[in-house]
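Worksheet for the structure shown next.
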Amino acid sequence: MAEFGKKGIRIEELTKRYGQGDTAVDALKGVDMTVAPGEVVGLIGPSGSGKSTLLKCLGAVIEPTAGRMILGDKIIYDRGWKIWDLRALRRDSIGFVFQAPYLIPFLDVTDNVALLPMLAGLSNRDSRKQAVALLHALDVGHRAQAMPSQLSGGEQQRVAIARALVNRPPVILADEPTAPLDSERALAVIRILNQMARQYETAIIVVTHDEKIIPTFKRIYHIRDGRTLEEDGEGRSLE
Amino acid sequence: MISLAGRDILHAWGKFVFTGVGLGLLIGVTLSMAGIYRGMVDDAQVLLDNSGADIWVVQQDTLGPYAEPSSLYDDIYRGILGISGVARASNVTYLTMQVRLKDRDVRAMVVGVVPGGPGEPGQPGYLIAGRHITRSHYEAVADMAAGLRLGERIQIRRNTYTVVGLTRRMVSSSGDPMIFIPLKDAREAQFLKDNDTIVAQRRRTAANPAFNRPGVPDLLDAVIASQSANPFVNAILVQLEPGALPDGPADWIRRWKRLQVYTRSQMEDILVGKLIATSARQIAMFLVILSIVSAAIVAFIIYTLTLGKIREIAVLKLIGTKNRTIAGMILQQAIGLGVIGFVVGKIAATLWAPIFPKYVLLLPGDAARGFVAVVVICMLASILAIRAALKVDPAEAIGG
């Protein structure tokens with residue numbers, strides 16, 4: 001079990017039930033998970049095991065049924081949301097990287113990244129400055145003025161990572177971020193995530209099916225039938 | 001904060017411009033419809049302005065001379081000239097007919113006026129070429145909309161007239177160009193029967209024992225002479241002395257001459273409120289339908305554009321964009337589309353207005369009202385798309 005610091009995320013006995021009565025389905029049945037700042041953990045499991053539901057709960061887009069979620073030193077969920085403005089929570093404290101980059105097609109690369117600090121109230125100039133610095137750190141600074149459609153898949157995914165990082169969130173949720181990439185680019189993305197996690201002390205949860213990147217994780221949460229099992233990168237149980 | 005709507009429009013400017021052009025042509029039609037109505041009202045007012053009259057004297061219980069037929073004896077004007085406050089009074093006839101010109105004909109309002117009196121009521125107020133009618137017969141002054149040139153010869157009924165003057169914006173309330181001819185000719189054109197009818201009428205009169213009595217040999221000739229004479233005009237146009245109010249002379253004429261009298265405002269009510277009322281309602285219906293169609297098109301376009309961005313909207317919501325920012329983006333796009341459409345529509349309407357056969361008057365006030373209407377319609381039309389966008393679940397951005 002990783003050490004939980006002032007950043008990072010911890011969830012305890014998280015459950016999510018869809019429907020009611022006879023038709024109720026328990027997608028999560030008491031999930032425990034801890035991700036320390038600077039750590040990248042994998043979340044794997046077969047289809048329908050509850051990965052996406054867990055990600056949606058962690059991303060504060062659906063409400064769990066029970067359990068606790070603690071982000072840094074703040075309880076954000078304890079049998080009910082403890083944060084009034086979930087939109088601001090997502091904007092300031094949670095970064096998202098999706099299977100496809102989902103960059104806003106009508107904004108250039110810089111503004112795609114700068115949009116988040118702008119939404120948070122930072123001036124356009126400072127937001128862009130921050131975005132460009134991060135793009136350079138991710139080695140796509142030379143494409144800062146390009147439109148998303150002009151980028152390769154790998155470049156787009158790096159821009160998406162920059163967008164997830166730009167507000168310095170304590171946690172990043174990555175939903176199969178390497179799915180559309182070849183092995184070389186997929187491993188490059190994981191390298192970047194590890195580097196960024198260390199550099200910005202961000203806890204990163206990577207949902208993946210990608211066999212080639214699974215061994216790169218030091219810790220993996222295997223989710224099956226709504227419960228998690230903690231393993232090391234070799235598949236050995238840590239519980 | 002950057003303008004998401006502005007960026008989207010700039011990014012897909014081709015789509016927006018082409019859609020805006022399509023919408024603009026529809027808005028152009030809408031503005032033109034309003035212009036046609038304004039043109040009709042203006043034609044009516046021009047007709048009154050050009051008559052030079054302050055009051056119109058017509059047959060009792062009629063709405064003449066423009067809205068209904070009216071007949072008056074041609075010597076009544078003399079009595080009117082003696083009324084206090086009256087400066088000028090003049091007989092006039094109006095007849096809308098086909099005027100023949102060589103191999104074609106033109107629909108025109110033939111106005112019979114007393115020759116040689118520019119400034120007299122009923123006379124064309126100004127000419128753009130040639131001169132006024134000076135002879136008592138066979139001269140004409142035509143509005144340039146009739147497509148006539150100086151020296152051309154036109155045929156009205158049995159007589160041929162030479163165009164001696166041209167004028168502009170002298171049209172009837174229905175937009176037909178006016179052709180001014182001497183009053184005597186106009187009365188003949190209006191009331192003169194053809195030769196066969198005259199022969200038949202004389203035979204019938206002669207066959208009537210009441211008019212062809214053996215003991216009164218001159219009676220038949222007297223009756224036929226009476227039938228052949230035409231002592232009627234359609235109206236008397238009266239100009240008042242400067243500062244004179246129309247009510248005094250109008251009341252006097254009503255009371256003592258037993259005739260119908262209309263002031264300028266009453267005549268405007270007849271022309272605008274009655275004569276073109278049905279056309280105005282027709283145009284209003286078109287305007288309503290075009291507005292609904294425009295709104296439906298904008299709604300459909302914006303809704304389709306929004307549906308095409310569902311994933312982006314989900315991402316925007318997921319990363320913390322406020323609903324009002326997303327709604328604002330859609331609203332601004334709808335308004336942007338409307339503004340493009342309005343600009344295109346206004347230009348199109350301005351360009352094609354002169355091609356219309358009837359006068360199309362595009363008023364700046366109507367354009368301003370049209371712009372406001374377009375913006376409001378676009379705002380209303382965006383509601384559907386905004387609702388769809390606000391319903392988008394940010395969870396849609398996360399797979400599974």
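Each chain in the structure tokens gets a letter, A, B and so on, in the order shown; residues start at 1 in every chain, and ligands are counted from 1 in the order they appear.
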
For chain B, report every residue with an atom at most 12 Å from chain A (counting only C-alpha atoms), formatted as a ChimeraX atom specification. /B:1-13,308-326,392-400

Output of the above residues as a CSV table (one decimal), in the first residue's frame, restricted to N, CA and C atoms:
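Output contents, as saved in part_23.csv:
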chain,number,residue,atom,x,y,z
B,1,MET,N,-11.2,35.3,-20.8
B,1,MET,CA,-11.8,34.1,-21.4
B,1,MET,C,-12.0,34.3,-22.9
B,2,ILE,N,-11.5,33.3,-23.6
B,2,ILE,CA,-11.6,33.4,-25.1
B,2,ILE,C,-13.1,33.1,-25.5
B,3,SER,N,-13.4,33.6,-26.7
B,3,SER,CA,-14.8,33.4,-27.2
B,3,SER,C,-14.8,32.1,-27.9
B,4,LEU,N,-15.4,31.1,-27.3
B,4,LEU,CA,-15.5,29.8,-27.9
B,4,LEU,C,-16.3,29.8,-29.2
B,5,ALA,N,-17.4,30.6,-29.1
B,5,ALA,CA,-18.3,30.7,-30.3
B,5,ALA,C,-17.5,31.3,-31.5
B,6,GLY,N,-16.8,32.4,-31.2
B,6,GLY,CA,-16.0,33.1,-32.2
B,6,GLY,C,-15.0,32.2,-32.8
B,7,ARG,N,-14.3,31.4,-32.0
B,7,ARG,CA,-13.3,30.5,-32.5
B,7,ARG,C,-13.9,29.4,-33.3
B,8,ASP,N,-15.1,28.9,-32.9
B,8,ASP,CA,-15.7,27.9,-33.7
B,8,ASP,C,-16.1,28.4,-35.0
B,9,ILE,N,-16.7,29.6,-35.0
B,9,ILE,CA,-17.1,30.2,-36.3
B,9,ILE,C,-15.9,30.4,-37.2
B,10,LEU,N,-14.8,30.9,-36.6
B,10,LEU,CA,-13.6,31.1,-37.4
B,10,LEU,C,-13.0,29.8,-38.0
B,11,HIS,N,-13.1,28.8,-37.1
B,11,HIS,CA,-12.6,27.5,-37.5
B,11,HIS,C,-13.4,26.9,-38.7
B,12,ALA,N,-14.7,27.0,-38.6
B,12,ALA,CA,-15.6,26.4,-39.6
B,12,ALA,C,-16.3,27.6,-40.4
B,13,TRP,N,-15.5,28.6,-40.8
B,13,TRP,CA,-16.1,29.8,-41.3
B,13,TRP,C,-16.8,29.5,-42.6
B,308,GLY,N,-23.3,17.8,-33.5
B,308,GLY,CA,-22.0,17.5,-34.0
B,308,GLY,C,-20.9,17.7,-33.0
B,309,LYS,N,-21.2,18.4,-32.0
B,309,LYS,CA,-20.2,18.8,-31.0
B,309,LYS,C,-20.5,18.2,-29.6
B,310,ILE,N,-21.3,17.2,-29.6
B,310,ILE,CA,-21.7,16.6,-28.3
B,310,ILE,C,-20.5,16.1,-27.5
B,311,ARG,N,-19.6,15.5,-28.2
B,311,ARG,CA,-18.4,14.9,-27.4
B,311,ARG,C,-17.6,16.1,-26.9
B,312,GLU,N,-17.4,17.1,-27.7
B,312,GLU,CA,-16.6,18.3,-27.2
B,312,GLU,C,-17.3,19.0,-26.1
B,313,ILE,N,-18.7,19.0,-26.2
B,313,ILE,CA,-19.4,19.7,-25.1
B,313,ILE,C,-19.3,18.8,-23.8
B,314,ALA,N,-19.4,17.5,-24.0
B,314,ALA,CA,-19.2,16.6,-22.8
B,314,ALA,C,-17.8,16.9,-22.2
B,315,VAL,N,-16.8,17.0,-23.0
B,315,VAL,CA,-15.4,17.2,-22.5
B,315,VAL,C,-15.4,18.6,-21.8
B,316,LEU,N,-16.0,19.6,-22.4
B,316,LEU,CA,-16.0,20.9,-21.8
B,316,LEU,C,-16.6,20.9,-20.5
B,317,LYS,N,-17.7,20.2,-20.4
B,317,LYS,CA,-18.4,20.1,-19.1
B,317,LYS,C,-17.6,19.3,-18.1
B,318,LEU,N,-17.0,18.3,-18.6
B,318,LEU,CA,-16.2,17.4,-17.7
B,318,LEU,C,-15.0,18.2,-17.1
B,319,ILE,N,-14.4,19.1,-17.9
B,319,ILE,CA,-13.2,19.8,-17.4
B,319,ILE,C,-13.6,21.1,-16.7
B,320,GLY,N,-14.9,21.3,-16.5
B,320,GLY,CA,-15.4,22.3,-15.6
B,320,GLY,C,-15.9,23.6,-16.2
B,321,THR,N,-16.3,23.5,-17.5
B,321,THR,CA,-16.9,24.6,-18.1
B,321,THR,C,-18.3,24.8,-17.6
B,322,LYS,N,-18.6,26.1,-17.3
B,322,LYS,CA,-20.0,26.4,-16.8
B,322,LYS,C,-21.0,26.2,-17.9
B,323,ASN,N,-22.2,25.8,-17.4
B,323,ASN,CA,-23.3,25.6,-18.4
B,323,ASN,C,-23.6,26.9,-19.1
B,324,ARG,N,-23.4,28.0,-18.4
B,324,ARG,CA,-23.8,29.3,-19.1
B,324,ARG,C,-22.7,29.6,-20.1
B,325,THR,N,-21.5,29.1,-19.9
B,325,THR,CA,-20.5,29.4,-21.0
B,325,THR,C,-20.8,28.6,-22.2
B,326,ILE,N,-21.3,27.3,-22.0
B,326,ILE,CA,-21.7,26.5,-23.2
B,326,ILE,C,-22.9,27.1,-23.8
B,392,VAL,N,-26.4,17.2,-22.0
B,392,VAL,CA,-25.2,16.3,-22.3
B,392,VAL,C,-24.6,16.0,-20.9
B,393,ASP,N,-24.4,14.7,-20.7
B,393,ASP,CA,-23.8,14.3,-19.4
B,393,ASP,C,-22.3,14.3,-19.6
B,394,PRO,N,-21.6,15.0,-18.7
B,394,PRO,CA,-20.1,15.0,-18.8
B,394,PRO,C,-19.5,13.6,-18.8
B,395,ALA,N,-20.3,12.6,-18.2
B,395,ALA,CA,-19.8,11.2,-18.1
B,395,ALA,C,-19.6,10.6,-19.5
B,396,GLU,N,-20.3,11.3,-20.5
B,396,GLU,CA,-20.2,10.7,-21.9
B,396,GLU,C,-18.8,10.8,-22.4
B,397,ALA,N,-18.0,11.8,-21.8
B,397,ALA,CA,-16.6,11.9,-22.3
B,397,ALA,C,-15.7,10.8,-21.8
B,398,ILE,N,-16.2,10.1,-20.8
B,398,ILE,CA,-15.5,8.9,-20.2
B,398,ILE,C,-16.1,7.7,-20.8
B,399,GLY,N,-15.3,6.8,-21.4
B,399,GLY,CA,-15.7,5.7,-22.1
B,399,GLY,C,-16.5,4.7,-21.2
B,400,GLY,N,-17.0,3.7,-21.8
B,400,GLY,CA,-17.7,2.6,-21.1
B,400,GLY,C,-19.2,2.8,-20.9

Find the spatial neighbours of Thr93 in chain B, counting only C-alpha atoms, within a cut-off of 6 Å - ignore same-chain residues fewer than 6 positions away - and output them as a list in words. Val111, Gly112, Val233 and Asn234 of chain B

Go through range 136-366 of chain B and collect every residue that DSSP, computed from the backbone, puts in helix (DSSP H, G or I); the answer should be as number ranges by chain. B: 144-146, 183-191, 195-207, 219-228, 247-257, 264-275, 277-307, 310-318, 323-355, 364-366

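You will find CA of Gln45 in chain B at 12.0 Å from CA of Gly273 in chain B.
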
Just list as a count of residues only whatever in range 30-124 of chain A DSSP marks as strand (DSSP E or B). 27

At a cut-off of 9 Å, can you tabulate as CSV every residue of range 333-360 of chain B near range 281-303 of chain B together with its closest atom pair and the distance in Å to one decimal, using only C-alpha atoms and ordering rows by chain then number?
residue,atom,partner,partner_atom,distance
B:Gln333,CA,B:Ile302,CA,7.7
B:Ala334,CA,B:Ile302,CA,6.3
B:Leu337,CA,B:Val298,CA,7.8
B:Gly338,CA,B:Val298,CA,7.8

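For the choices A:Leu187, A:Leu28, A:Ile213, A:Ala131, the atom-to-atom distance to Arg168 in chain A is smallest for A:Ala131 when using only C-alpha atoms.
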
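Close contacts of Gly370 in chain B, defined as residues with an atom at most 9 Å away when counting only C-alpha atoms, with chain neighbours fewer than 5 positions off set aside, comprise Ile27, Thr30, Leu31, Phe342, Gly365 and Val375 of chain B.
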
Could you list, as a PyMOL selection string, every residue within 10 Å of Asn230 in chain B, counting only C-alpha atoms and ignoring same-chain residues fewer than 5 positions away? chain B and resi 73-74+184+187-188+190-192+225

Generate a file of the selected residues that holds N, CA and C atoms, formatted as a short mmCIF file (atom, residue, chain, number, x, y, z; two decimals), in the first residue's frame.
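File selection.cif, as written:
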data_model
loop_
_atom_site.label_atom_id
_atom_site.label_comp_id
_atom_site.auth_asym_id
_atom_site.auth_seq_id
_atom_site.Cartn_x
_atom_site.Cartn_y
_atom_site.Cartn_z
N TYR B 73 -70.61 66.54 -61.86
CA TYR B 73 -70.76 67.45 -63.00
C TYR B 73 -69.54 68.34 -63.10
N ASP B 74 -69.16 68.62 -64.34
CA ASP B 74 -67.88 69.31 -64.55
C ASP B 74 -67.91 70.80 -64.23
N LYS B 184 -60.29 66.88 -71.58
CA LYS B 184 -61.36 66.56 -72.54
C LYS B 184 -61.13 65.18 -73.16
N ARG B 187 -61.86 62.46 -70.56
CA ARG B 187 -63.30 62.20 -70.36
C ARG B 187 -63.86 61.41 -71.52
N GLU B 188 -63.39 61.74 -72.72
CA GLU B 188 -63.84 61.01 -73.91
C GLU B 188 -63.41 59.53 -73.79
N GLN B 190 -62.84 57.93 -71.19
CA GLN B 190 -63.54 57.23 -70.12
C GLN B 190 -65.01 56.95 -70.46
N PHE B 191 -65.65 57.91 -71.08
CA PHE B 191 -67.11 57.79 -71.26
C PHE B 191 -67.56 57.55 -72.70
N LEU B 192 -66.67 57.82 -73.68
CA LEU B 192 -67.10 57.71 -75.07
C LEU B 192 -67.33 56.25 -75.46
N ALA B 225 -78.47 64.49 -78.57
CA ALA B 225 -77.39 65.43 -78.22
C ALA B 225 -77.06 65.30 -76.74
#

With a distance cut-off of 7 Å and only C-alpha atoms, select the neighbouring residues of Asp43 in chain B, excluding the residue or stretch itself and same-chain residues fewer than 6 positions from it, and output the selection as a PDB file with C-alpha atoms, in the first residue's frame.
ATOM      1  CA  VAL B 171     -47.805  56.197 -59.860  1.00  0.00           C
ATOM      2  CA  SER B 172     -51.203  54.933 -58.849  1.00  0.00           C
ATOM      3  CA  SER B 173     -51.808  53.307 -55.482  1.00  0.00           C
ATOM      4  CA  GLY B 175     -47.913  51.143 -58.596  1.00  0.00           C
TER       5      GLY B 175
END

For Thr228 in chain A, work out the shell of residues within 10 Å, counting only C-alpha atoms and skipping chain neighbours fewer than 3 positions away, then give it as a ChimeraX atom specification. /A:28-33,43-45,49-51,220-225,231

Selection above as a file: all heavy atoms, as a short mmCIF file (atom, residue, chain, number, x, y, z; two decimals), in the first residue's frame:
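Saved to out_2.cif:
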data_model
loop_
_atom_site.label_atom_id
_atom_site.label_comp_id
_atom_site.auth_asym_id
_atom_site.auth_seq_id
_atom_site.Cartn_x
_atom_site.Cartn_y
_atom_site.Cartn_z
N LEU A 28 -20.13 -1.35 -8.28
CA LEU A 28 -18.98 -1.33 -7.37
C LEU A 28 -19.47 -1.85 -6.02
O LEU A 28 -20.51 -1.42 -5.53
CB LEU A 28 -18.42 0.10 -7.21
CG LEU A 28 -17.95 0.80 -8.48
CD1 LEU A 28 -17.52 2.25 -8.17
CD2 LEU A 28 -16.79 0.06 -9.13
N LYS A 29 -18.65 -2.79 -5.47
CA LYS A 29 -19.13 -3.43 -4.23
C LYS A 29 -18.11 -3.22 -3.11
O LYS A 29 -17.58 -4.18 -2.57
CB LYS A 29 -19.33 -4.92 -4.46
CG LYS A 29 -20.37 -5.24 -5.52
CD LYS A 29 -20.35 -6.73 -5.83
CE LYS A 29 -21.32 -7.07 -6.94
NZ LYS A 29 -21.13 -8.42 -7.44
N GLY A 30 -17.79 -2.01 -2.81
CA GLY A 30 -16.86 -1.73 -1.73
C GLY A 30 -15.43 -1.70 -2.21
O GLY A 30 -14.61 -2.54 -1.85
N VAL A 31 -15.14 -0.72 -3.06
CA VAL A 31 -13.81 -0.60 -3.65
C VAL A 31 -12.90 0.21 -2.72
O VAL A 31 -13.31 1.26 -2.21
CB VAL A 31 -13.89 0.09 -5.04
CG1 VAL A 31 -12.51 0.46 -5.55
CG2 VAL A 31 -14.59 -0.83 -6.03
N ASP A 32 -11.71 -0.30 -2.49
CA ASP A 32 -10.69 0.45 -1.74
C ASP A 32 -9.53 0.73 -2.69
O ASP A 32 -9.13 -0.14 -3.46
CB ASP A 32 -10.16 -0.39 -0.56
CG ASP A 32 -11.25 -0.61 0.48
OD1 ASP A 32 -11.85 0.38 0.90
OD2 ASP A 32 -11.51 -1.79 0.81
N MET A 33 -9.01 1.91 -2.59
CA MET A 33 -7.89 2.27 -3.46
C MET A 33 -7.17 3.47 -2.88
O MET A 33 -7.81 4.39 -2.35
CB MET A 33 -8.43 2.62 -4.85
CG MET A 33 -7.38 2.98 -5.86
SD MET A 33 -8.14 3.57 -7.39
CE MET A 33 -8.18 2.06 -8.32
N LEU A 43 -5.31 0.48 -13.55
CA LEU A 43 -6.61 -0.07 -13.15
C LEU A 43 -7.05 -0.95 -14.31
O LEU A 43 -7.34 -0.44 -15.40
CB LEU A 43 -7.61 1.06 -12.89
CG LEU A 43 -9.02 0.66 -12.49
CD1 LEU A 43 -9.03 -0.08 -11.15
CD2 LEU A 43 -9.93 1.88 -12.40
N ILE A 44 -7.05 -2.25 -14.07
CA ILE A 44 -7.37 -3.15 -15.17
C ILE A 44 -8.54 -4.05 -14.77
O ILE A 44 -8.86 -4.17 -13.58
CB ILE A 44 -6.15 -4.01 -15.60
CG1 ILE A 44 -5.67 -4.88 -14.42
CG2 ILE A 44 -5.02 -3.15 -16.10
CD1 ILE A 44 -4.62 -5.90 -14.83
N GLY A 45 -9.13 -4.64 -15.75
CA GLY A 45 -10.25 -5.52 -15.48
C GLY A 45 -11.01 -5.78 -16.75
O GLY A 45 -10.91 -4.99 -17.70
N SER A 49 -16.58 -4.82 -15.63
CA SER A 49 -16.13 -5.11 -14.26
C SER A 49 -16.33 -3.91 -13.34
O SER A 49 -16.25 -4.04 -12.12
CB SER A 49 -14.65 -5.50 -14.28
OG SER A 49 -13.89 -4.45 -14.87
N GLY A 50 -16.57 -2.73 -13.93
CA GLY A 50 -16.80 -1.54 -13.10
C GLY A 50 -15.73 -0.49 -13.22
O GLY A 50 -15.73 0.49 -12.46
N LYS A 51 -14.81 -0.65 -14.16
CA LYS A 51 -13.71 0.32 -14.33
C LYS A 51 -14.25 1.73 -14.64
O LYS A 51 -13.88 2.69 -13.98
CB LYS A 51 -12.79 -0.08 -15.49
CG LYS A 51 -12.02 -1.36 -15.31
CD LYS A 51 -10.97 -1.52 -16.38
CE LYS A 51 -11.51 -1.45 -17.79
NZ LYS A 51 -12.34 -2.58 -18.22
N ILE A 220 -0.89 -2.19 -9.47
CA ILE A 220 -2.06 -2.31 -10.34
C ILE A 220 -3.25 -2.67 -9.45
O ILE A 220 -3.13 -3.47 -8.52
CB ILE A 220 -1.86 -3.44 -11.39
CG1 ILE A 220 -0.77 -3.04 -12.38
CG2 ILE A 220 -3.15 -3.76 -12.12
CD1 ILE A 220 -0.32 -4.19 -13.26
N TYR A 221 -4.38 -2.03 -9.76
CA TYR A 221 -5.63 -2.46 -9.13
C TYR A 221 -6.39 -3.27 -10.17
O TYR A 221 -6.70 -2.76 -11.26
CB TYR A 221 -6.45 -1.26 -8.65
CG TYR A 221 -5.91 -0.66 -7.37
CD1 TYR A 221 -5.01 0.39 -7.39
CD2 TYR A 221 -6.31 -1.18 -6.14
CE1 TYR A 221 -4.51 0.92 -6.22
CE2 TYR A 221 -5.81 -0.66 -4.96
CZ TYR A 221 -4.92 0.39 -5.00
OH TYR A 221 -4.44 0.90 -3.84
N HIS A 222 -6.64 -4.49 -9.80
CA HIS A 222 -7.39 -5.37 -10.69
C HIS A 222 -8.84 -5.34 -10.21
O HIS A 222 -9.13 -5.65 -9.08
CB HIS A 222 -6.82 -6.79 -10.57
CG HIS A 222 -7.15 -7.63 -11.75
ND1 HIS A 222 -6.19 -8.19 -12.57
CD2 HIS A 222 -8.33 -7.99 -12.28
CE1 HIS A 222 -6.79 -8.87 -13.52
NE2 HIS A 222 -8.09 -8.75 -13.36
N ILE A 223 -9.72 -4.92 -11.06
CA ILE A 223 -11.13 -4.82 -10.65
C ILE A 223 -11.91 -5.94 -11.32
O ILE A 223 -11.79 -6.20 -12.52
CB ILE A 223 -11.70 -3.41 -10.97
CG1 ILE A 223 -13.11 -3.25 -10.38
CG2 ILE A 223 -11.70 -3.10 -12.44
CD1 ILE A 223 -13.56 -1.82 -10.29
N ARG A 224 -12.65 -6.66 -10.48
CA ARG A 224 -13.43 -7.76 -11.00
C ARG A 224 -14.71 -7.86 -10.17
O ARG A 224 -14.66 -7.82 -8.96
CB ARG A 224 -12.63 -9.06 -10.91
CG ARG A 224 -13.39 -10.28 -11.43
CD ARG A 224 -12.50 -11.48 -11.53
NE ARG A 224 -11.49 -11.34 -12.56
CZ ARG A 224 -10.40 -12.09 -12.63
NH1 ARG A 224 -10.16 -12.99 -11.71
NH2 ARG A 224 -9.54 -11.93 -13.61
N ASP A 225 -15.83 -7.92 -10.86
CA ASP A 225 -17.14 -7.99 -10.19
C ASP A 225 -17.32 -6.89 -9.15
O ASP A 225 -17.86 -7.12 -8.05
CB ASP A 225 -17.33 -9.37 -9.52
CG ASP A 225 -17.32 -10.48 -10.55
OD1 ASP A 225 -17.72 -10.19 -11.70
OD2 ASP A 225 -16.90 -11.60 -10.24
N GLU A 231 -2.31 -5.55 -6.94
CA GLU A 231 -1.23 -6.43 -7.40
C GLU A 231 -0.02 -5.58 -7.72
O GLU A 231 -0.14 -4.36 -7.91
CB GLU A 231 -1.66 -7.16 -8.68
CG GLU A 231 -2.86 -8.06 -8.51
CD GLU A 231 -3.38 -8.58 -9.86
OE1 GLU A 231 -2.99 -8.01 -10.90
OE2 GLU A 231 -4.18 -9.52 -9.86
#

Between CA of Lys102 in chain B and CA of Ile355 in chain B, what distance in Å does the model show, to one decimal? 24.2 Å

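Going from CA of Val58 in chain B to CA of Gly122 in chain B covers 14.1 Å.
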